[in-house]
file protein-v6.cif (mmCIF, C-alpha atoms)
data_my_file
#
loop_
_atom_site.group_PDB
_atom_site.id
_atom_site.type_symbol
_atom_site.label_atom_id
_atom_site.label_comp_id
_atom_site.auth_asym_id
_atom_site.auth_seq_id
_atom_site.Cartn_x
_atom_site.Cartn_y
_atom_site.Cartn_z
ATOM 1 C CA GLU A 1 85.044 113.626 95.922
ATOM 2 C CA LYS A 2 86.651 116.886 97.113
ATOM 3 C CA ILE A 3 89.418 116.438 94.553
ATOM 4 C CA ALA A 4 86.835 115.752 91.842
ATOM 5 C CA GLU A 5 85.201 119.121 92.506
ATOM 6 C CA HIS A 6 88.360 120.852 91.274
ATOM 7 C CA ALA A 7 89.515 118.393 88.604
ATOM 8 C CA GLU A 8 88.417 117.685 85.049
ATOM 9 C CA ARG A 9 88.661 113.965 85.720
ATOM 10 C CA VAL A 10 89.742 111.681 88.555
ATOM 11 C CA ILE A 11 90.973 108.135 87.911
ATOM 12 C CA VAL A 12 91.112 105.858 90.953
ATOM 13 C CA PHE A 13 93.286 102.744 90.600
ATOM 14 C CA VAL A 14 92.454 99.841 92.914
ATOM 15 C CA LEU A 15 93.308 96.168 93.185
ATOM 16 C CA LYS A 16 91.229 94.098 90.785
ATOM 17 C CA HIS A 17 89.343 92.162 93.458
ATOM 18 C CA LYS A 18 88.105 95.422 95.003
ATOM 19 C CA GLU A 19 86.939 96.976 91.745
ATOM 20 C CA VAL A 20 83.238 96.068 91.840
ATOM 21 C CA TYR A 21 82.715 97.236 95.421
ATOM 22 C CA LEU A 22 84.627 100.502 94.974
ATOM 23 C CA LYS A 23 82.934 101.254 91.662
ATOM 24 C CA GLU A 24 79.552 101.083 93.386
ATOM 25 C CA LYS A 25 80.797 103.235 96.242
ATOM 26 C CA TYR A 26 82.744 105.963 94.436
ATOM 27 C CA GLU A 27 82.243 105.948 90.661
ATOM 28 C CA ARG A 28 80.078 108.857 89.563
ATOM 29 C CA GLY A 29 80.353 111.932 87.367
ATOM 30 C CA ASN A 30 83.990 112.595 86.559
ATOM 31 C CA ILE A 31 85.283 109.866 88.910
ATOM 32 C CA SER A 32 86.296 106.547 87.337
ATOM 33 C CA VAL A 33 87.437 103.473 89.251
ATOM 34 C CA ILE A 34 89.768 101.052 87.455
ATOM 35 C CA GLY A 35 90.798 97.692 88.845
ATOM 36 C CA VAL A 36 94.349 96.551 88.139
ATOM 37 C CA ASP A 37 95.533 92.942 88.499
ATOM 38 C CA LEU A 38 98.754 93.662 90.354
ATOM 39 C CA MET A 39 99.078 90.840 92.885
ATOM 40 C CA ASP A 40 101.648 88.836 90.912
ATOM 41 C CA THR A 41 103.774 91.924 90.294
ATOM 42 C CA MET A 42 103.567 93.060 93.920
ATOM 43 C CA ASN A 43 104.693 89.616 95.112
ATOM 44 C CA SER A 44 107.327 89.076 92.429
ATOM 45 C CA ARG A 45 110.889 88.308 93.487
ATOM 46 C CA ARG A 46 112.093 91.687 92.213
ATOM 47 C CA GLU A 47 109.560 93.724 94.179
ATOM 48 C CA VAL A 48 110.117 91.698 97.349
ATOM 49 C CA ILE A 49 113.897 92.195 97.100
ATOM 50 C CA LEU A 50 113.462 95.933 96.514
ATOM 51 C CA ARG A 51 111.291 96.207 99.613
ATOM 52 C CA ARG A 52 113.909 94.339 101.651
ATOM 53 C CA ILE A 53 116.658 96.664 100.411
ATOM 54 C CA ALA A 54 114.486 99.698 101.164
ATOM 55 C CA GLU A 55 114.017 98.421 104.722
ATOM 56 C CA LEU A 56 117.788 98.237 105.181
ATOM 57 C CA PHE A 57 118.077 101.888 104.172
ATOM 58 C CA LEU A 58 115.919 102.915 107.141
ATOM 59 C CA ASP A 59 117.980 102.952 110.332
ATOM 60 C CA THR A 60 115.697 103.704 113.264
ATOM 61 C CA HIS A 61 115.379 102.452 116.816
ATOM 62 C CA THR A 62 111.993 100.942 116.015
ATOM 63 C CA LYS A 63 113.345 98.990 113.032
ATOM 64 C CA HIS A 64 116.174 97.722 115.210
ATOM 65 C CA LEU A 65 113.683 96.445 117.782
ATOM 66 C CA HIS A 66 111.632 94.746 115.057
ATOM 67 C CA GLN A 67 114.731 92.987 113.721
ATOM 68 C CA LYS A 68 115.833 91.950 117.198
ATOM 69 C CA LEU A 69 112.401 90.502 117.931
ATOM 70 C CA TYR A 70 112.429 88.569 114.653
ATOM 71 C CA ALA A 71 115.916 87.223 115.417
ATOM 72 C CA SER A 72 114.918 86.098 118.908
ATOM 73 C CA GLU A 73 111.876 84.262 117.532
ATOM 74 C CA SER A 74 113.578 82.720 114.490
ATOM 75 C CA GLY A 75 117.068 82.238 115.881
ATOM 76 C CA LYS A 76 118.607 84.004 112.847
ATOM 77 C CA TRP A 77 121.056 86.136 114.814
ATOM 78 C CA VAL A 78 123.721 86.153 112.091
ATOM 79 C CA ARG A 79 121.229 87.640 109.643
ATOM 80 C CA HIS A 80 120.171 90.167 112.270
ATOM 81 C CA THR A 81 123.771 91.209 112.931
ATOM 82 C CA LEU A 82 124.573 91.627 109.241
ATOM 83 C CA SER A 83 121.367 93.592 108.617
ATOM 84 C CA ARG A 84 122.050 95.839 111.575
ATOM 85 C CA LEU A 85 125.615 96.460 110.416
ATOM 86 C CA PHE A 86 124.361 97.352 106.944
ATOM 87 C CA MET A 87 121.747 99.723 108.332
ATOM 88 C CA GLN A 88 124.196 101.509 110.608
ATOM 89 C CA THR A 89 126.601 102.191 107.751
ATOM 90 C CA VAL A 90 125.111 102.180 104.264
ATOM 91 C CA ALA A 91 121.760 103.628 105.354
ATOM 92 C CA HIS A 92 123.498 106.905 106.196
ATOM 93 C CA VAL A 93 125.288 107.297 102.861
ATOM 94 C CA TYR A 94 123.053 109.587 100.802
ATOM 95 C CA PRO A 95 124.680 108.889 97.366
ATOM 96 C CA LEU A 96 123.806 105.201 97.754
ATOM 97 C CA LYS A 97 120.210 106.011 98.648
ATOM 98 C CA TRP A 98 120.009 108.360 95.670
ATOM 99 C CA LEU A 99 121.400 105.621 93.417
ATOM 100 C CA PHE A 100 118.841 103.166 94.807
ATOM 101 C CA ARG A 101 115.964 105.504 93.957
ATOM 102 C CA TYR A 102 117.378 106.162 90.508
ATOM 103 C CA ALA A 103 117.733 102.429 89.812
ATOM 104 C CA VAL A 104 114.225 101.691 91.080
ATOM 105 C CA ILE A 105 112.722 104.080 88.544
ATOM 106 C CA GLN A 106 115.060 103.688 85.567
ATOM 107 C CA TRP A 107 116.112 100.034 85.726
ATOM 108 C CA TRP A 108 113.783 98.119 88.057
ATOM 109 C CA ASN A 109 110.486 99.634 86.996
ATOM 110 C CA THR A 110 107.417 97.963 85.558
ATOM 111 C CA ASN A 111 105.170 99.049 82.702
ATOM 112 C CA THR A 112 101.979 98.105 84.540
ATOM 113 C CA PHE A 113 100.424 101.569 84.359
ATOM 114 C CA ASP A 114 102.106 102.806 81.169
ATOM 115 C CA THR A 115 98.971 102.356 79.068
ATOM 116 C CA TYR A 116 96.892 104.375 81.524
ATOM 117 C CA PHE A 117 99.406 107.210 81.771
ATOM 118 C CA LYS A 118 99.597 107.449 77.985
ATOM 119 C CA GLU A 119 95.802 107.412 77.651
ATOM 120 C CA TYR A 120 94.864 109.833 80.437
ATOM 121 C CA GLN A 121 98.048 111.943 80.638
ATOM 122 C CA PRO A 122 97.409 113.000 84.246
ATOM 123 C CA ASP A 123 98.688 116.272 85.660
ATOM 124 C CA ILE A 124 99.067 114.836 89.155
ATOM 125 C CA THR A 125 99.246 111.365 90.664
ATOM 126 C CA VAL A 126 98.117 111.088 94.295
ATOM 127 C CA SER A 127 99.253 108.171 96.411
ATOM 128 C CA THR A 128 97.102 107.557 99.486
ATOM 129 C CA ASP A 129 99.759 105.240 100.948
ATOM 130 C CA PRO A 130 103.268 105.673 99.446
ATOM 131 C CA PHE A 131 104.607 102.750 101.491
ATOM 132 C CA SER A 132 102.170 100.168 100.107
ATOM 133 C CA PRO A 133 103.437 97.806 97.364
ATOM 134 C CA PHE A 134 100.551 98.827 95.084
ATOM 135 C CA ASP A 135 101.223 102.548 95.399
ATOM 136 C CA THR A 136 104.978 102.057 95.107
ATOM 137 C CA ILE A 137 104.535 100.508 91.671
ATOM 138 C CA LEU A 138 102.074 103.245 90.700
ATOM 139 C CA MET A 139 104.490 105.967 91.816
ATOM 140 C CA LYS A 140 107.405 104.402 89.930
ATOM 141 C CA ASN A 141 105.340 104.491 86.749
ATOM 142 C CA ALA A 142 104.231 108.049 87.465
ATOM 143 C CA ARG A 143 107.775 109.243 88.077
ATOM 144 C CA LYS A 144 109.002 107.610 84.888
ATOM 145 C CA SER A 145 106.258 109.418 82.959
ATOM 146 C CA ASN A 146 107.304 112.737 84.581
ATOM 147 C CA THR A 147 103.978 113.171 86.360
ATOM 148 C CA LYS A 148 103.891 115.254 89.539
ATOM 149 C CA LEU A 149 103.476 113.156 92.689
ATOM 150 C CA ILE A 150 101.654 113.830 95.949
ATOM 151 C CA GLY A 151 102.035 111.343 98.791
ATOM 152 C CA LEU A 152 99.655 111.101 101.767
ATOM 153 C CA ILE A 153 101.273 109.469 104.793
ATOM 154 C CA ARG A 154 98.583 107.434 106.533
ATOM 155 C CA SER A 155 99.931 107.105 110.062
ATOM 156 C CA TRP A 156 102.181 109.038 112.423
ATOM 157 C CA ASP A 157 104.706 106.170 112.687
ATOM 158 C CA ASN A 158 105.069 105.243 108.996
ATOM 159 C CA PHE A 159 108.318 107.151 108.511
ATOM 160 C CA THR A 160 110.081 105.207 111.283
ATOM 161 C CA THR A 161 108.574 101.718 110.972
ATOM 162 C CA LYS A 162 108.142 100.961 107.265
ATOM 163 C CA GLU A 163 110.961 101.316 104.749
ATOM 164 C CA TYR A 164 112.948 103.978 102.941
ATOM 165 C CA LEU A 165 110.556 105.473 100.387
ATOM 166 C CA GLN A 166 111.528 104.061 97.013
ATOM 167 C CA VAL A 167 110.018 107.032 95.195
ATOM 168 C CA ARG A 168 110.183 110.601 96.502
ATOM 169 C CA PRO A 169 106.904 112.522 96.038
ATOM 170 C CA ASP A 170 107.042 116.169 94.978
ATOM 171 C CA MET A 171 104.752 117.028 97.889
ATOM 172 C CA VAL A 172 104.150 115.021 101.064
ATOM 173 C CA VAL A 173 101.014 115.422 103.183
ATOM 174 C CA VAL A 174 101.632 114.685 106.876
ATOM 175 C CA GLN A 175 99.848 114.974 110.200
ATOM 176 C CA ASN A 176 102.253 117.058 112.282
ATOM 177 C CA GLU A 177 105.593 118.871 112.415
ATOM 178 C CA ASP A 178 107.377 115.863 113.942
ATOM 179 C CA MET A 179 106.610 113.936 110.773
ATOM 180 C CA VAL A 180 108.084 116.746 108.705
ATOM 181 C CA GLN A 181 111.371 116.363 110.561
ATOM 182 C CA GLU A 182 111.311 112.567 110.220
ATOM 183 C CA GLY A 183 110.534 112.798 106.517
ATOM 184 C CA ARG A 184 113.489 115.104 105.947
ATOM 185 C CA THR A 185 116.071 113.239 108.009
ATOM 186 C CA LEU A 186 115.043 109.627 107.310
ATOM 187 C CA HIS A 187 113.658 109.799 103.768
ATOM 188 C CA ASP A 188 115.320 112.868 102.255
ATOM 189 C CA LEU A 189 111.946 114.444 101.479
ATOM 190 C CA LYS A 190 111.690 118.162 100.800
ATOM 191 C CA ASN A 191 108.183 119.604 100.473
ATOM 192 C CA PHE A 192 105.457 119.088 103.078
ATOM 193 C CA ILE A 193 101.917 120.138 103.948
ATOM 194 C CA VAL A 194 100.731 119.592 107.527
ATOM 195 C CA VAL A 195 96.991 118.849 107.606
ATOM 196 C CA GLY A 196 96.314 116.936 110.815
ATOM 197 C CA VAL A 197 94.710 113.480 110.713
ATOM 198 C CA PRO A 198 92.454 113.252 107.605
ATOM 199 C CA GLN A 199 90.871 109.906 108.482
ATOM 200 C CA PHE A 200 89.249 111.507 111.527
ATOM 201 C CA GLU A 201 87.578 114.340 109.575
ATOM 202 C CA TYR A 202 84.466 112.177 109.456
ATOM 203 C CA TYR A 203 83.922 112.651 113.171
ATOM 204 C CA LYS A 204 83.578 116.432 112.879
ATOM 205 C CA THR A 205 80.016 116.002 111.660
ATOM 206 C CA TYR A 206 79.379 112.504 113.007
ATOM 207 C CA THR A 207 76.342 112.022 115.224
ATOM 208 C CA PRO A 208 76.402 108.764 117.188
ATOM 209 C CA ILE A 209 73.248 106.691 117.461
ATOM 210 C CA SER A 210 71.399 106.750 120.751
ATOM 211 C CA ARG A 211 72.167 104.253 123.480
ATOM 212 C CA GLU A 212 68.666 102.840 123.098
ATOM 213 C CA THR A 213 69.127 102.225 119.362
ATOM 214 C CA PHE A 214 72.504 100.649 119.967
#
call {"tool": "encode", "arguments": {"input": "protein-v6.cif", "output": "C-alpha cells"}}
result
Amino acid sequence: EKIAEHAERVIVFVLKHKEVYLKEKYERGNISVIGVDLMDTMNSRREVILRRIAELFLDTHTKHLHQKLYASESGKWVRHTLSRLFMQTVAHVYPLKWLFRYAVIQWWNTNTFDTYFKEYQPDITVSTDPFSPFDTILMKNARKSNTKLIGLIRSWDNFTTKEYLQVRPDMVVVQNEDMVQEGRTLHDLKNFIVVGVPQFEYYKTYTPISRETF
C-alpha cells in the first residue's frame, strides 16, 4: 500500500491458489492482484537442477553443516564429498558464477511472465523473496525484459543458508550491515539499502489485547 501511494499502478503476482484470498485482502484502487499457475514450472526438472547448481555455488559453513547432516541421515557420503569438493573450488571462481547467471537468464529462462511484462511495461519489479522459486522465475523474466529489479531479503540468514542468487537485483534491501558484507562476498551483489526488519514494523503501533480479553 505504501508503494501504491507513489506509483501509477501496482501489479502483485501470486500463486494461483492464493489469488482469491489475496485479492480480497489487498486489491483496491491502483493495486491489482494476479494469480499465476506456476507450480509445474517451479517443480520442473530444469528449475530443480538450477536450484541444486545454485546451492553448490554457495560455500558457507552453514551449508557444509546442512550437507553433512543430510549425508549422516541418508548415508550418501560420496555425494556429500563430491558436493563439498565442488563448493570449495568452483564456488569461488567468479567467471563461472557470472556464466551461470548469464545462462539462467538467456538460455534457461521461461516465458511465464512475458505477456504481463509486455502488457504492463513496468518500471520496476520488486521481489519480496529473491530466493523463492516463484520470485526467481519472476526475476528471470524481469531481467530478460530489461526491467529494474529490487530484492527484499526476508531473513538475516538467507545469504548464508539458501543458494547463490540466480538473478542479481539492481538494489537489495537488507536488515543490517552484516548482510551487506555477506551479499557482496557470497553473492556478488553491489547496491544495498539497510532498513532494519520490515516484518516487525507492525509492532510499532500494535496494542495487545488485555489479559482479561485473552
call {"tool": "closest_atom_pairs", "arguments": {"input": "protein-v6.cif", "of": "stretch 113-197 of chain A", "to": "stretch 47-54 of chain A", "cutoff": "10 Å", "atoms": "all atoms listed in the file", "output": "JSON lines"}}
result
{"residue": "A:Phe131", "atom": "CA", "partner": "A:Arg51", "partner_atom": "CA", "distance": 9.5}
{"residue": "A:Ser132", "atom": "CA", "partner": "A:Arg51", "partner_atom": "CA", "distance": 10.0}
{"residue": "A:Pro133", "atom": "CA", "partner": "A:Glu47", "partner_atom": "CA", "distance": 8.0}
{"residue": "A:Thr136", "atom": "CA", "partner": "A:Glu47", "partner_atom": "CA", "distance": 9.6}
{"residue": "A:Ile137", "atom": "CA", "partner": "A:Glu47", "partner_atom": "CA", "distance": 8.8}
{"residue": "A:Lys162", "atom": "CA", "partner": "A:Ala54", "partner_atom": "CA", "distance": 8.9}
{"residue": "A:Glu163", "atom": "CA", "partner": "A:Ala54", "partner_atom": "CA", "distance": 5.3}
{"residue": "A:Tyr164", "atom": "CA", "partner": "A:Ala54", "partner_atom": "CA", "distance": 4.9}
{"residue": "A:Leu165", "atom": "CA", "partner": "A:Ala54", "partner_atom": "CA", "distance": 7.0}
{"residue": "A:Gln166", "atom": "CA", "partner": "A:Ala54", "partner_atom": "CA", "distance": 6.7}
call {"tool": "write_last_selection", "arguments": {"input": "protein-v6.cif", "atoms": "C-alpha atoms", "output": "PDB file, in the coordinates of the input"}}
result
ATOM      1  CA  PHE A 131     104.607 102.750 101.491  1.00  0.00           C
ATOM      2  CA  SER A 132     102.170 100.168 100.107  1.00  0.00           C
ATOM      3  CA  PRO A 133     103.437  97.806  97.364  1.00  0.00           C
ATOM      4  CA  THR A 136     104.978 102.057  95.107  1.00  0.00           C
ATOM      5  CA  ILE A 137     104.535 100.508  91.671  1.00  0.00           C
ATOM      6  CA  LYS A 162     108.142 100.961 107.265  1.00  0.00           C
ATOM      7  CA  GLU A 163     110.961 101.316 104.749  1.00  0.00           C
ATOM      8  CA  TYR A 164     112.948 103.978 102.941  1.00  0.00           C
ATOM      9  CA  LEU A 165     110.556 105.473 100.387  1.00  0.00           C
ATOM     10  CA  GLN A 166     111.528 104.061  97.013  1.00  0.00           C
TER      11      GLN A 166
END
call {"tool": "resolve_selection", "arguments": {"input": "protein-v6.cif", "expression": "the PyMOL selection byres ((chain A and resi 87) around 9)", "output": "list in words"}}
result
Glu55, Leu56, Phe57, Leu58, Asp59, Thr60, Leu82, Ser83, Arg84, Leu85, Phe86, Gln88, Thr89, Val90, Ala91 and His92 of chain A
call {"tool": "residues_around", "arguments": {"input": "protein-v6.cif", "residues": "stretch 13-23 of chain A", "least_positions_apart": "6", "cutoff": "6 Å", "atoms": "all atoms listed in the file", "output": "JSON list (two decimals) with C-alpha atoms, keeping the file's coordinate frame"}}
result
[["chain", "number", "residue", "atom", "x", "y", "z"],
["A", 33, "VAL", "CA", 87.44, 103.47, 89.25],
["A", 34, "ILE", "CA", 89.77, 101.05, 87.46],
["A", 35, "GLY", "CA", 90.80, 97.69, 88.84],
["A", 36, "VAL", "CA", 94.35, 96.55, 88.14],
["A", 37, "ASP", "CA", 95.53, 92.94, 88.50]]
call {"tool": "residues_around", "arguments": {"input": "protein-v6.cif", "residues": "A:Ile3", "least_positions_apart": "2", "cutoff": "12 Å", "atoms": "all atoms listed in the file", "output": "PyMOL selection string"}}
result
chain A and resi 1+5-12+30-31+124-126
call {"tool": "resolve_selection", "arguments": {"input": "protein-v6.cif", "expression": "the PyMOL selection byres ((chain A and resi 129) around 7)", "output": "ChimeraX atom specification"}}
result
/A:127-128,130-132,135,151-154
call {"tool": "residues_around", "arguments": {"input": "protein-v6.cif", "residues": "stretch 171-185 of chain A", "least_positions_apart": "5", "cutoff": "8 Å", "atoms": "all atoms listed in the file", "output": "PDB file with C-alpha atoms, keeping the file's coordinate frame"}}
result
ATOM      1  CA  LEU A 149     103.476 113.156  92.689  1.00  0.00           C
ATOM      2  CA  ILE A 150     101.654 113.830  95.949  1.00  0.00           C
ATOM      3  CA  GLY A 151     102.035 111.343  98.791  1.00  0.00           C
ATOM      4  CA  LEU A 152      99.655 111.101 101.767  1.00  0.00           C
ATOM      5  CA  ILE A 153     101.273 109.469 104.793  1.00  0.00           C
ATOM      6  CA  ARG A 154      98.583 107.434 106.533  1.00  0.00           C
ATOM      7  CA  SER A 155      99.931 107.105 110.062  1.00  0.00           C
ATOM      8  CA  TRP A 156     102.181 109.038 112.423  1.00  0.00           C
ATOM      9  CA  PHE A 159     108.318 107.151 108.511  1.00  0.00           C
ATOM     10  CA  THR A 160     110.081 105.207 111.283  1.00  0.00           C
ATOM     11  CA  LYS A 190     111.690 118.162 100.800  1.00  0.00           C
ATOM     12  CA  ASN A 191     108.183 119.604 100.473  1.00  0.00           C
ATOM     13  CA  PHE A 192     105.457 119.088 103.078  1.00  0.00           C
ATOM     14  CA  ILE A 193     101.917 120.138 103.948  1.00  0.00           C
ATOM     15  CA  VAL A 194     100.731 119.592 107.527  1.00  0.00           C
ATOM     16  CA  VAL A 195      96.991 118.849 107.606  1.00  0.00           C
ATOM     17  CA  GLY A 196      96.314 116.936 110.815  1.00  0.00           C
ATOM     18  CA  VAL A 197      94.710 113.480 110.713  1.00  0.00           C
TER      19      VAL A 197
END
call {"tool": "atom_distance", "arguments": {"input": "protein-v6.cif", "atom1": "atom CA of A:Asp157", "atom2": "atom CA of A:Thr62"}}
result
9.6 Å
call {"tool": "atom_distance", "arguments": {"input": "protein-v6.cif", "atom1": "atom CA of A:Gln199", "atom2": "atom CA of A:Phe214"}}
result
23.6 Å
call {"tool": "residues_around", "arguments": {"input": "protein-v6.cif", "residues": "A:Trp98", "least_positions_apart": "5", "cutoff": "10 Å", "atoms": "all atoms listed in the file", "output": "PyMOL selection string"}}
result
chain A and resi 93+103-104+166+188
call {"tool": "atom_distance", "arguments": {"input": "protein-v6.cif", "atom1": "atom CA of A:Val167", "atom2": "atom CA of A:Ala142"}}
result
9.7 Å
call {"tool": "closest_residue", "arguments": {"input": "protein-v6.cif", "among": "A:Thr81, A:Arg101, A:Thr110, A:Met139", "to": "A:Arg46", "atoms": "all atoms listed in the file"}}
result
A:Thr110
call {"tool": "axis_aligned_box", "arguments": {"input": "protein-v6.cif", "around": "stretch 118-134 of chain A", "padding_each_side": "3 Å", "output": "lines of an AutoDock Vina configuration file"}}
result
center_x = 99.7
center_y = 107.0
center_z = 89.6
size_x = 15.7
size_y = 24.5
size_z = 29.8
